[in-house]
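Raw my_file_4.json, JSON, C-alpha atoms:
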[["chain", "number", "residue", "atom", "x", "y", "z"],
["J", 207, "MET", "CA", 17.41, 27.22, 10.15],
["J", 208, "GLU", "CA", 20.75, 27.53, 8.35],
["J", 209, "GLN", "CA", 21.59, 25.38, 5.35],
["J", 210, "GLU", "CA", 24.33, 23.44, 7.12],
["J", 211, "ASP", "CA", 21.80, 22.53, 9.84],
["J", 212, "GLN", "CA", 19.25, 21.39, 7.29],
["J", 213, "GLU", "CA", 21.74, 19.08, 5.65],
["J", 214, "SER", "CA", 22.12, 16.99, 8.81],
["J", 215, "PHE", "CA", 18.91, 17.18, 10.76],
["J", 216, "ILE", "CA", 16.91, 14.43, 12.39],
["J", 217, "ILE", "CA", 13.65, 14.41, 14.32],
["J", 218, "ASP", "CA", 13.33, 13.56, 17.99],
["J", 219, "ASP", "CA", 10.22, 12.17, 19.69],
["J", 220, "GLY", "CA", 8.95, 15.65, 20.43],
["J", 221, "GLY", "CA", 9.09, 16.71, 16.80],
["J", 222, "GLU", "CA", 12.16, 18.90, 17.21],
["J", 223, "ILE", "CA", 15.03, 19.09, 14.76],
["J", 224, "LEU", "CA", 18.32, 17.82, 16.12],
["J", 225, "ASP", "CA", 21.82, 17.82, 14.66],
["J", 226, "ALA", "CA", 22.66, 14.34, 13.42],
["J", 227, "GLY", "CA", 26.34, 15.23, 13.28],
["J", 228, "SER", "CA", 28.74, 12.43, 12.51],
["J", 229, "GLU", "CA", 26.14, 9.80, 13.37],
["J", 230, "THR", "CA", 24.55, 10.16, 9.92],
["J", 231, "ASP", "CA", 25.86, 7.30, 7.78],
["J", 232, "SER", "CA", 25.23, 6.84, 4.09],
["J", 233, "SER", "CA", 26.05, 3.13, 4.23],
["J", 234, "SER", "CA", 23.95, 0.23, 5.43],
["J", 235, "SER", "CA", 24.79, -3.24, 6.69],
["J", 236, "SER", "CA", 21.38, -4.73, 5.92],
["J", 237, "SER", "CA", 21.24, -7.49, 3.31],
["J", 238, "SER", "CA", 17.50, -6.91, 2.89],
["J", 239, "VAL", "CA", 18.02, -3.59, 1.11],
["J", 240, "PRO", "CA", 17.35, -3.93, -2.65],
["J", 241, "LYS", "CA", 20.18, -3.47, -5.12],
["J", 242, "PRO", "CA", 21.50, 0.12, -5.24],
["J", 243, "ASP", "CA", 20.12, 0.70, -8.75],
["J", 244, "CYS", "CA", 16.60, 0.47, -7.29],
["J", 245, "PHE", "CA", 17.23, 3.86, -5.72],
["J", 246, "ASP", "CA", 19.48, 5.47, -8.33],
["J", 247, "ALA", "CA", 16.70, 7.85, -9.27],
["J", 248, "PHE", "CA", 16.61, 9.16, -5.69],
["J", 249, "THR", "CA", 20.37, 9.64, -5.38],
["J", 250, "ARG", "CA", 20.61, 11.27, -8.82],
["J", 251, "ASN", "CA", 18.09, 13.84, -7.64],
["J", 252, "GLY", "CA", 19.91, 14.96, -4.51],
["J", 253, "MET", "CA", 18.85, 12.36, -1.94],
["J", 254, "MET", "CA", 21.28, 10.36, 0.20],
["J", 255, "ARG", "CA", 20.57, 6.97, 1.77],
["J", 256, "ILE", "CA", 20.88, 6.92, 5.55],
["J", 257, "GLY", "CA", 22.70, 4.05, 7.27],
["J", 258, "GLU", "CA", 20.45, 1.81, 9.34],
["J", 259, "GLU", "CA", 22.70, 2.03, 12.38],
["J", 260, "SER", "CA", 22.47, 5.82, 12.65],
["J", 261, "LYS", "CA", 20.32, 7.63, 15.18],
["J", 262, "GLU", "CA", 18.73, 9.51, 12.31],
["J", 263, "HIS", "CA", 17.48, 6.29, 10.72],
["J", 264, "ARG", "CA", 16.15, 4.94, 14.01],
["J", 265, "GLU", "CA", 14.24, 8.15, 14.77],
["J", 266, "ILE", "CA", 12.53, 8.29, 11.37],
["J", 267, "LYS", "CA", 11.82, 4.55, 11.25],
["J", 268, "ASN", "CA", 10.29, 4.51, 14.75],
["J", 269, "ARG", "CA", 8.16, 7.56, 14.00],
["J", 270, "PHE", "CA", 6.92, 5.97, 10.77],
["J", 271, "LEU", "CA", 6.09, 2.56, 12.25],
["J", 272, "LYS", "CA", 4.35, 4.13, 15.23],
["J", 273, "GLY", "CA", 2.14, 6.05, 12.83],
["J", 274, "MET", "CA", 1.30, 2.88, 10.87],
["J", 275, "ASN", "CA", -0.55, 1.65, 13.98],
["J", 276, "GLN", "CA", -2.14, -1.75, 13.38],
["J", 277, "LEU", "CA", -0.26, -2.22, 10.10],
["J", 278, "ALA", "CA", 3.14, -1.78, 11.76],
["J", 279, "LYS", "CA", 3.64, -5.49, 12.46],
["J", 280, "ASP", "CA", 3.25, -6.26, 8.74],
["J", 281, "THR", "CA", 5.36, -3.30, 7.60],
["J", 282, "SER", "CA", 9.11, -3.30, 7.06],
["J", 283, "VAL", "CA", 11.17, -0.18, 6.38],
["J", 284, "VAL", "CA", 13.63, -1.01, 3.60],
["J", 285, "THR", "CA", 15.57, 2.23, 3.33],
["J", 286, "ILE", "CA", 15.40, 5.94, 4.12],
["J", 287, "HIS", "CA", 16.81, 8.72, 1.95],
["J", 288, "LYS", "CA", 17.23, 12.34, 3.00],
["J", 289, "ASN", "CA", 17.41, 15.63, 1.19],
["J", 290, "ILE", "CA", 20.98, 16.97, 1.37],
["J", 291, "CYS", "CA", 20.33, 19.94, -0.95],
["J", 292, "SER", "CA", 23.00, 18.77, -3.38],
["J", 293, "THR", "CA", 21.32, 19.96, -6.58],
["J", 294, "MET", "CA", 20.97, 23.54, -7.74],
["J", 295, "TYR", "CA", 17.18, 23.25, -7.67],
["J", 296, "MET", "CA", 17.11, 21.85, -4.12],
["J", 297, "LYS", "CA", 19.38, 24.60, -2.87],
["J", 298, "ALA", "CA", 17.16, 27.23, -4.49],
["J", 299, "ARG", "CA", 14.07, 25.58, -3.06],
["J", 300, "PHE", "CA", 15.59, 25.47, 0.42],
["J", 301, "GLU", "CA", 16.45, 29.16, 0.22],
["J", 302, "ALA", "CA", 12.90, 29.95, -0.96],
["J", 303, "PHE", "CA", 11.49, 27.91, 1.93],
["J", 304, "ASN", "CA", 13.65, 29.76, 4.44],
["J", 305, "SER", "CA", 12.62, 33.11, 2.98],
["J", 306, "CYS", "CA", 8.95, 32.15, 3.27],
["J", 307, "VAL", "CA", 9.43, 30.98, 6.87],
["J", 308, "ASP", "CA", 11.12, 34.29, 7.72],
["J", 309, "ALA", "CA", 8.26, 36.23, 6.10],
["J", 310, "ILE", "CA", 5.64, 34.29, 8.07],
["J", 311, "ARG", "CA", 7.58, 34.75, 11.28],
["J", 312, "GLU", "CA", 7.81, 38.48, 10.67],
["J", 313, "ARG", "CA", 4.10, 38.74, 9.87],
["J", 314, "ARG", "CA", 2.80, 36.42, 12.60],
["J", 315, "GLY", "CA", 5.44, 37.03, 15.25],
["J", 316, "ASP", "CA", 6.33, 33.33, 15.42],
["J", 317, "ARG", "CA", 6.60, 30.24, 13.27],
["J", 318, "ASN", "CA", 4.34, 27.21, 13.32],
["J", 319, "ASP", "CA", 6.25, 24.35, 11.73],
["J", 320, "LYS", "CA", 4.95, 20.79, 11.52],
["J", 321, "PHE", "CA", 6.08, 17.51, 10.06],
["J", 322, "GLY", "CA", 3.71, 16.01, 7.49],
["J", 323, "TRP", "CA", 3.67, 12.72, 5.57],
["J", 324, "TYR", "CA", 2.76, 12.53, 1.90],
["J", 325, "GLY", "CA", 2.05, 9.18, 0.24],
["J", 326, "ALA", "CA", 2.33, 8.81, -3.53],
["J", 327, "SER", "CA", 3.75, 6.68, -6.30],
["J", 328, "LYS", "CA", 7.51, 6.51, -6.80],
["J", 329, "GLN", "CA", 7.18, 8.53, -10.00],
["J", 330, "GLU", "CA", 5.24, 11.32, -8.31],
["J", 331, "ILE", "CA", 7.75, 11.48, -5.45],
["J", 332, "LEU", "CA", 10.59, 11.72, -7.98],
["J", 333, "HIS", "CA", 8.71, 14.55, -9.67],
["J", 334, "ILE", "CA", 8.23, 16.34, -6.35],
["J", 335, "ILE", "CA", 11.88, 16.18, -5.30],
["J", 336, "SER", "CA", 12.98, 17.16, -8.82],
["J", 337, "TYR", "CA", 10.48, 19.90, -9.65],
["J", 338, "GLY", "CA", 8.14, 20.42, -6.70],
["J", 339, "PHE", "CA", 4.46, 19.69, -6.07],
["J", 340, "SER", "CA", 2.29, 20.06, -9.16],
["J", 341, "ARG", "CA", -1.21, 19.03, -8.07],
["J", 342, "PHE", "CA", -3.65, 18.92, -5.19],
["J", 343, "ASN", "CA", -4.28, 15.52, -3.61],
["J", 344, "GLY", "CA", -7.33, 16.27, -1.47],
["J", 345, "GLN", "CA", -10.65, 18.05, -1.60],
["J", 346, "SER", "CA", -12.73, 16.76, 1.32],
["J", 347, "HIS", "CA", -11.69, 19.78, 3.44],
["J", 348, "GLY", "CA", -10.90, 22.39, 0.83],
["J", 349, "VAL", "CA", -8.86, 21.90, -2.32],
["J", 350, "GLY", "CA", -5.15, 21.69, -1.61],
["J", 351, "VAL", "CA", -2.15, 19.55, -0.77],
["J", 352, "TYR", "CA", -2.96, 17.30, 2.18],
["J", 353, "LEU", "CA", -0.24, 16.01, 4.49],
["J", 354, "SER", "CA", -0.75, 13.80, 7.52],
["J", 355, "PRO", "CA", 0.81, 14.20, 10.99],
["J", 356, "SER", "CA", 2.74, 11.14, 12.19],
["J", 357, "LYS", "CA", -0.22, 10.03, 14.31],
["J", 358, "PHE", "CA", -2.34, 9.75, 11.16],
["J", 359, "ILE", "CA", 0.02, 8.23, 8.60],
["J", 360, "LEU", "CA", -2.71, 5.75, 7.66],
["J", 361, "GLU", "CA", -4.67, 8.67, 6.21],
["J", 362, "THR", "CA", -2.09, 9.07, 3.42],
["J", 363, "PHE", "CA", -1.06, 5.40, 3.15],
["J", 364, "PRO", "CA", -3.78, 4.51, 0.55],
["J", 365, "SER", "CA", -2.14, 6.99, -1.86],
["J", 366, "THR", "CA", 1.07, 4.95, -1.97],
["J", 367, "ILE", "CA", 1.51, 2.61, -4.93],
["J", 368, "GLU", "CA", 3.80, -0.40, -5.19],
["J", 369, "ASP", "CA", 6.70, 0.15, -7.60],
["J", 370, "GLU", "CA", 8.38, -2.41, -9.84],
["J", 371, "ASN", "CA", 10.21, -3.85, -6.81],
["J", 372, "GLY", "CA", 7.12, -4.20, -4.62],
["J", 373, "LEU", "CA", 8.09, -1.14, -2.54],
["J", 374, "ARG", "CA", 5.98, 1.81, -1.46],
["J", 375, "HIS", "CA", 7.33, 5.27, -0.75],
["J", 376, "MET", "CA", 6.31, 8.16, 1.47],
["J", 377, "LEU", "CA", 7.71, 11.67, 1.86],
["J", 378, "LEU", "CA", 8.28, 13.21, 5.27],
["J", 379, "CYS", "CA", 8.11, 16.96, 4.80],
["J", 380, "TYR", "CA", 8.80, 20.02, 6.87],
["J", 381, "VAL", "CA", 5.70, 22.26, 6.66],
["J", 382, "GLU", "CA", 5.41, 25.87, 7.76],
["J", 383, "MET", "CA", 1.71, 26.19, 8.61],
["J", 384, "GLY", "CA", 1.68, 29.79, 9.80],
["J", 385, "LYS", "CA", -1.70, 30.67, 11.31],
["J", 386, "ILE", "CA", -4.16, 27.85, 10.75],
["J", 387, "GLU", "CA", -7.93, 27.86, 10.34],
["J", 388, "LEU", "CA", -10.54, 25.12, 10.59],
["J", 389, "ILE", "CA", -11.70, 23.78, 7.22],
["J", 390, "ARG", "CA", -15.00, 21.93, 7.50],
["J", 391, "ALA", "CA", -15.82, 18.75, 5.58],
["J", 392, "GLY", "CA", -17.27, 19.50, 2.14],
["J", 393, "SER", "CA", -15.65, 22.92, 1.86],
["J", 394, "LYS", "CA", -14.62, 23.97, -1.66],
["J", 395, "GLN", "CA", -12.18, 26.55, -0.32],
["J", 396, "ILE", "CA", -8.98, 27.00, -2.37],
["J", 397, "TYR", "CA", -7.39, 29.97, -0.57],
["J", 398, "PRO", "CA", -7.23, 31.21, 3.03],
["J", 399, "SER", "CA", -10.60, 32.65, 4.09],
["J", 400, "SER", "CA", -8.84, 35.92, 4.98],
["J", 401, "VAL", "CA", -5.41, 37.50, 5.32],
["J", 402, "GLU", "CA", -5.47, 36.35, 8.94],
["J", 403, "PHE", "CA", -4.75, 32.74, 7.94],
["J", 404, "ASP", "CA", -2.08, 30.83, 6.04],
["J", 405, "SER", "CA", -3.24, 27.19, 6.01],
["J", 406, "GLY", "CA", -5.92, 24.88, 7.34],
["J", 407, "VAL", "CA", -6.68, 21.68, 9.26],
["J", 408, "ASP", "CA", -9.68, 19.39, 9.58],
["J", 409, "ASN", "CA", -9.60, 19.59, 13.38],
["J", 410, "LEU", "CA", -8.00, 22.32, 15.47],
["J", 411, "GLU", "CA", -7.44, 20.08, 18.49],
["J", 412, "ASP", "CA", -6.21, 16.89, 16.84],
["J", 413, "PRO", "CA", -5.77, 17.38, 13.07],
["J", 414, "SER", "CA", -5.45, 14.40, 10.77],
["J", 415, "ARG", "CA", -5.08, 16.57, 7.66],
["J", 416, "LEU", "CA", -2.72, 19.49, 7.21],
["J", 417, "VAL", "CA", -4.13, 21.52, 4.32],
["J", 418, "VAL", "CA", -1.72, 23.64, 2.30],
["J", 419, "TRP", "CA", -3.25, 25.79, -0.43],
["J", 420, "ILE", "CA", -2.03, 25.16, -3.98],
["J", 421, "ALA", "CA", -0.72, 28.70, -4.35],
["J", 422, "TYR", "CA", 1.71, 28.13, -1.47],
["J", 423, "MET", "CA", 2.54, 24.44, -1.86],
["J", 424, "ASN", "CA", 6.10, 24.93, -3.13],
["J", 425, "SER", "CA", 6.86, 27.76, -0.72],
["J", 426, "VAL", "CA", 5.89, 26.24, 2.64],
["J", 427, "ILE", "CA", 6.50, 22.50, 2.08],
["J", 428, "LEU", "CA", 10.07, 21.19, 2.12],
["J", 429, "PRO", "CA", 10.56, 17.45, 1.35],
["J", 430, "VAL", "CA", 13.09, 16.12, 3.84],
["J", 431, "TYR", "CA", 13.02, 12.31, 3.81],
["J", 432, "ILE", "CA", 11.78, 9.47, 1.60],
["J", 433, "VAL", "CA", 10.82, 6.33, 3.49],
["J", 434, "SER", "CA", 10.73, 3.22, 1.27],
["J", 435, "PHE", "CA", 8.87, 0.27, 2.76],
["J", 436, "LYS", "CA", 6.89, -2.90, 2.22],
["J", 437, "ALA", "CA", 3.38, -3.12, 3.61],
["J", 438, "PRO", "CA", -0.02, -4.72, 2.91],
["J", 439, "SER", "CA", -2.52, -2.64, 1.02],
["J", 440, "PHE", "CA", -6.24, -2.10, 0.65],
["J", 441, "SER", "CA", -6.83, -1.44, -3.02],
["J", 442, "ILE", "CA", -9.93, -0.45, -4.93],
["J", 443, "GLY", "CA", -10.21, -4.12, -5.86],
["J", 444, "SER", "CA", -10.34, -5.25, -2.23],
["J", 445, "LEU", "CA", -12.92, -2.59, -1.44],
["J", 446, "ARG", "CA", -15.00, -3.73, -4.41],
["J", 447, "GLU", "CA", -14.80, -7.33, -3.15],
["J", 448, "GLN", "CA", -15.89, -6.29, 0.34],
["J", 449, "ILE", "CA", -18.86, -4.34, -1.03],
["J", 450, "ASN", "CA", -19.87, -7.12, -3.41],
["J", 451, "GLU", "CA", -19.74, -9.73, -0.63],
["J", 452, "VAL", "CA", -22.46, -7.91, 1.32],
["J", 453, "ARG", "CA", -25.68, -9.60, 0.28],
["J", 454, "THR", "CA", -29.29, -9.36, 1.29],
["J", 455, "GLY", "CA", -31.95, -11.80, 0.06],
["J", 456, "GLY", "CA", -29.41, -13.22, -2.42],
["J", 457, "GLU", "CA", -28.82, -9.84, -4.06],
["J", 458, "LYS", "CA", -25.71, -7.71, -3.87],
["J", 459, "LEU", "CA", -26.11, -4.88, -1.41],
["J", 460, "SER", "CA", -25.71, -1.50, -3.07],
["J", 461, "ILE", "CA", -23.58, 1.28, -1.64],
["J", 462, "ALA", "CA", -26.84, 3.17, -1.07],
["J", 463, "VAL", "CA", -27.91, 0.55, 1.49],
["J", 464, "LEU", "CA", -24.60, 1.07, 3.31],
["J", 465, "LEU", "CA", -25.19, 4.82, 3.53],
["J", 466, "PRO", "CA", -27.05, 4.89, 6.91],
["J", 467, "MET", "CA", -24.20, 3.08, 8.66],
["J", 468, "LEU", "CA", -21.58, 5.22, 6.90],
["J", 469, "VAL", "CA", -23.39, 8.35, 8.13],
["J", 470, "LYS", "CA", -23.62, 6.91, 11.65],
["J", 471, "VAL", "CA", -19.89, 6.18, 11.78],
["J", 472, "PHE", "CA", -18.42, 9.07, 9.79],
["J", 473, "GLY", "CA", -20.97, 11.85, 10.34],
["J", 474, "SER", "CA", -23.61, 13.70, 8.33],
["J", 475, "ALA", "CA", -21.16, 16.00, 6.51],
["J", 476, "LYS", "CA", -19.37, 13.05, 4.91],
["J", 477, "GLY", "CA", -22.77, 11.39, 4.44],
["J", 478, "ASP", "CA", -23.88, 14.33, 2.30],
["J", 479, "MET", "CA", -20.74, 14.01, 0.19],
["J", 480, "ILE", "CA", -21.34, 10.27, -0.27],
["J", 481, "SER", "CA", -24.97, 10.97, -1.24],
["J", 482, "LYS", "CA", -23.75, 13.40, -3.88],
["J", 483, "SER", "CA", -21.44, 10.73, -5.33],
["J", 484, "LEU", "CA", -24.28, 8.19, -5.25],
["J", 485, "ASP", "CA", -26.45, 10.63, -7.18],
["J", 486, "ASP", "CA", -23.68, 11.01, -9.77],
["J", 487, "LEU", "CA", -23.49, 7.20, -10.02],
["J", 488, "ARG", "CA", -27.24, 6.90, -10.59],
["J", 489, "LYS", "CA", -27.05, 9.57, -13.30],
["J", 490, "CYS", "CA", -24.14, 7.68, -14.92],
["J", 491, "LYS", "CA", -21.80, 10.64, -14.41],
["J", 492, "ILE", "CA", -19.34, 8.24, -12.75],
["J", 493, "ASN", "CA", -18.92, 4.45, -12.81],
["J", 494, "ARG", "CA", -18.75, 2.01, -9.88],
["J", 495, "ASP", "CA", -14.95, 2.12, -9.58],
["J", 496, "GLN", "CA", -15.05, 5.93, -9.57],
["J", 497, "MET", "CA", -17.70, 5.74, -6.85],
["J", 498, "ILE", "CA", -15.38, 3.58, -4.76],
["J", 499, "GLN", "CA", -12.54, 6.01, -5.39],
["J", 500, "SER", "CA", -14.83, 8.80, -4.20],
["J", 501, "LEU", "CA", -15.63, 6.81, -1.04],
["J", 502, "ARG", "CA", -11.90, 6.44, -0.34],
["J", 503, "ARG", "CA", -11.30, 10.18, -0.71],
["J", 504, "ILE", "CA", -14.26, 11.13, 1.47],
["J", 505, "ILE", "CA", -13.62, 8.60, 4.26],
["J", 506, "GLY", "CA", -9.84, 8.92, 4.04],
["J", 507, "ASN", "CA", -9.17, 5.56, 5.72],
["J", 508, "ASP", "CA", -9.63, 2.29, 3.81],
["J", 509, "ARG", "CA", -9.32, 0.14, 6.91],
["J", 510, "MET", "CA", -12.17, 1.94, 8.68],
["J", 511, "LEU", "CA", -14.29, 1.79, 5.53],
["J", 512, "ILE", "CA", -13.77, -1.97, 5.18],
["J", 513, "SER", "CA", -14.58, -2.42, 8.88],
["J", 514, "VAL", "CA", -17.94, -0.69, 8.38],
["J", 515, "ILE", "CA", -18.68, -2.85, 5.33],
["J", 516, "LYS", "CA", -17.83, -6.01, 7.27],
["J", 517, "ALA", "CA", -20.03, -4.88, 10.15],
["J", 518, "SER", "CA", -22.90, -4.35, 7.70],
["J", 519, "ARG", "CA", -22.37, -7.84, 6.31],
["J", 520, "SER", "CA", -22.41, -9.31, 9.83],
["J", 521, "ASN", "CA", -25.64, -7.51, 10.71],
["J", 522, "LEU", "CA", -27.29, -8.80, 7.56],
["J", 523, "ALA", "CA", -26.08, -12.34, 8.24],
["J", 524, "VAL", "CA", -27.78, -12.25, 11.66],
["J", 525, "ARG", "CA", -31.09, -11.20, 10.08],
["J", 526, "ALA", "CA", -30.88, -13.59, 7.11],
["J", 527, "PRO", "CA", -32.04, -16.79, 8.98],
["J", 528, "ASN", "CA", -35.27, -15.04, 10.01],
["J", 529, "ARG", "CA", -36.03, -14.36, 6.37],
["J", 530, "GLU", "CA", -35.27, -17.92, 5.29],
["J", 531, "GLY", "CA", -37.25, -19.38, 8.15],
["J", 532, "GLY", "CA", -40.64, -18.53, 6.71],
["J", 533, "GLY", "CA", -40.91, -14.78, 7.14],
["J", 534, "THR", "CA", -43.66, -12.97, 5.27],
["J", 535, "SER", "CA", -42.68, -12.48, 1.63],
["J", 536, "GLN", "CA", -43.14, -9.06, 0.11]]

For this file, produce the structure as structure tokens.
Amino acid sequence: MEQEDQESFIIDDGGEILDAGSETDSSSSSSSVPKPDCFDAFTRNGMMRIGEESKEHREIKNRFLKGMNQLAKDTSVVTIHKNICSTMYMKARFEAFNSCVDAIRERRGDRNDKFGWYGASKQEILHIISYGFSRFNGQSHGVGVYLSPSKFILETFPSTIEDENGLRHMLLCYVEMGKIELIRAGSKQIYPSSVEFDSGVDNLEDPSRLVVWIAYMNSVILPVYIVSFKAPSFSIGSLREQINEVRTGGEKLSIAVLLPMLVKVFGSAKGDMISKSLDDLRKCKINRDQMIQSLRRIIGNDRMLISVIKASRSNLAVRAPNREGGGTSQ
């Protein structure tokens, strides 16, 4: 991929890179877009806003909203910026990415590029486009940088944080995966298991997590677009409220009581990880909020987690009248 191609690419429905050509427009006719100074930090760091009427904008917006699934109807894309490699650092990073892709192609005989979404705060995204990735964001399937395919954008959505204008931001990155290996839940792996592999996934058939090892994160991941949007959220506070609303015999239901259903829905591997966090909570190694944060990391989907909690509450509500109706006291 030559630099002039990279500066004007878009993504079609099949995940291929197309030439946006003259259709790319840095202006926008929408009155809903916040004042330009809201995005000055992006443009100062080598990003260019894409006009809403361009094919490029439509392709990215449609891909994003499709991935938001049930949240799409309550989500509005405000603006999209793209990497035009206008800064010295971005040009150097693009050249390094190309060199790495060439090396992988030479070693493996082919390339295996994917598009991955990365949710974060505005400040972290600014840091990434300015200096590169500096931390891992996942450890349920090995310790590394986790990106989500378009089909599983909701996996990374909880990591987004509203900025001062009520907007959330997500990076769409170009990722060279090379030869991938399966990383099982609970793995503490931090490097490829052998020289035969370059990266990992949580499922070989239908991955929801693309796992890039920390050592390679700034060589094989190229930030391409920033999607800025408004959407509802499920915060730690809302999870805490859902958990606290589950009652049995007038007492708050502990997370431990939820464990059997969590294991049934999410599997024994994640159940073991939740049990470990529960043990840490009992030993006062972590507090309740940290326990909820741990649940979010392990499950990876706040909406599914809340659904399980609500189901538990419903099941208890059905049993409650039997207790109140004169059941044997214990």

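Interatomic distance, CA of Ser393 (chain J) to CA of Glu312 (chain J): 29.5 Å.
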
Of J:Asp404, J:Asp246, J:Asp412, J:Glu330, the one sitting nearest Ile367 (chain J) when using all atoms listed in the file is J:Glu330

Under the rule of at most 12 Å, produce a per-residue listing of region 358-424 of chain J near region 255-270 of chain J: chain, number, name, the closest pair of atoms, and the distance in Å, as a Markdown table, using all atoms listed in the file.
| residue | atom | partner | partner_atom | distance |
| --- | --- | --- | --- | --- |
| J:Phe358 | CA | J:Phe270 | CA | 10.0 |
| J:Ile359 | CA | J:Phe270 | CA | 7.6 |
| J:Leu360 | CA | J:Phe270 | CA | 10.1 |
| J:Phe363 | CA | J:Phe270 | CA | 11.0 |
| J:His375 | CA | J:Phe270 | CA | 11.5 |
| J:Met376 | CA | J:Phe270 | CA | 9.6 |
| J:Leu377 | CA | J:Phe270 | CA | 10.6 |
| J:Leu378 | CA | J:Ile266 | CA | 8.9 |
| J:Cys379 | CA | J:Ile266 | CA | 11.7 |

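Near (8.9, 33.3, 14.1), the residues inside the 12 Å limit, counting all atoms listed in the file, come to Met207, Asn304, Ser305, Cys306, Val307, Asp308, Ala309, Ile310, Arg311, Glu312, Arg313, Arg314, Gly315, Asp316, Arg317, Asn318, Asp319, Glu382, Met383, Gly384 and Lys385 of chain J.
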
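Within 10 Å of Met423 (chain J), once only C-alpha atoms are used and residues closer than 3 positions along the same chain are dropped, the contacting residues are Gly338, Phe339, Ser340, Arg341, Phe342, Gly350, Val351, Tyr352, Val381, Val417, Val418, Trp419, Ile420, Val426, Ile427 and Leu428 of chain J.
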
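Note that the spacing between CA of Ala278 (chain J) and CA of Pro413 (chain J) amounts to 21.2 Å.
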
_Residue nearest Ser483 (chain J) - candidates J:Leu388, J:Leu501, J:Val469, J:Leu332, atoms counted: all atoms listed in the file_ =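 Going through J:Leu388, J:Leu501, J:Val469, J:Leu332 one by one, the smallest distance to Ser483 (chain J) is for J:Leu501.
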